[in-house]
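I have placed the structure first, in the form of structure tokens, so that the comments after it can refer back to it.
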Amino acid sequence: MYRRPECRWGTIILVSLLGLSNVGLITNVLTRNKFPVVNLPVGPYTSYDVFANESGYRITYRSNDPKVLTTHTNKVTPKGLFGGKEERINLYQETTALNQIGSQDTENKLTDKLIACIKTEGAGESTGRLIGTSIGTKAAPTVSQIPVIGWLAAGWIAMFGGNKGADVGGELAKSFNDC
């Protein structure tokens with residue numbers, strides 16, 4: 001018996017799509033640019049050198065040329081009650097091409113008074129932490145009798161005392177020195 005061949009539209013559409021995608025791929029490969037496209041940022045103090053050929057590329061880029069200028073200064077000052085000792089100060093300063101030194105935030109610069117207050121607060125915190133930890137250590141045996149977690153509670157009380165002592169000591173030091 002003779003049957004008529006069936007038309008399979010799904011097969012025809014699939015073969016057509018694959019054929020079109022192959023044509024598109026071959027066209028893309030043949031017409032693409034053989035050199036890479038490099039998009040470098042450009043500014044007043046940038047320099048770059050790009051070398052590209054068919055086998056690859058090489059880029060040399062500097063964002064701030066010259067990068068950093070450094071200055072070293074050694075200073076010796078007399079120190080002590082009668083000036084018998086010497087203090088050696090090594091100053092290291094970095095500047096850029098625009099003579100920018102460190103942070104550009106002019107509002108938050110540290111003054112001598114602020115530095116002295118920070119040092120005073122640190123010393124007060126250190127002393128307060130020592131006193132607070134010793135008070136916490138004296139109170140620790142009271143809770144060390146708790147079964148299973150007594151040792152943990154004793155350590156926590158000592159640490160808590162140290163932290164609270166540091167807070168109180170720093171605040172006291174600041175208030176006594178008008179900070």
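Ordering of the structure tokens sets the chain letters (A, B, ...); residue numbers start at 1 within each chain; ligands are numbered from 1 in the order shown.
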Would you please extract all strand (DSSP E) residues from stretch 16-164 of chain A, as assigned by DSSP on the backbone, and give them as JSON, numbers by chain?
{"A": [47, 48, 49, 50, 51, 52, 53, 56, 57, 58, 59, 60, 61, 62, 69, 70, 71, 72, 73, 74, 75, 76, 77, 78, 79, 85, 86, 87, 88, 89, 90, 91, 92, 93, 94, 95]}
Stretch 123-140 of chain A surroundings by only C-alpha atoms, 10 Å radius, close-in-sequence under 6 positions cut, as a count of residues only
26
Going by DSSP on the backbone, which residues of chain A come out as helix (DSSP H, G or I)? List them as a count of residues only.
82
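The spacing separating atom CA of A:Asn39 from atom CA of A:Arg58 amounts to 13.4 Å.
Between atom CA of A:Thr120 and atom CA of A:Glu94 the separation is 28.7 Å.
Atom to atom, atom CA of A:Gly56 and atom CA of A:Thr31 stand 18.1 Å apart.
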Using only C-alpha atoms, pick whichever of A:Ile146, A:Ile59, A:Thr71, A:Glu121 has the shortest atom-to-atom distance to A:Phe176.
A:Glu121
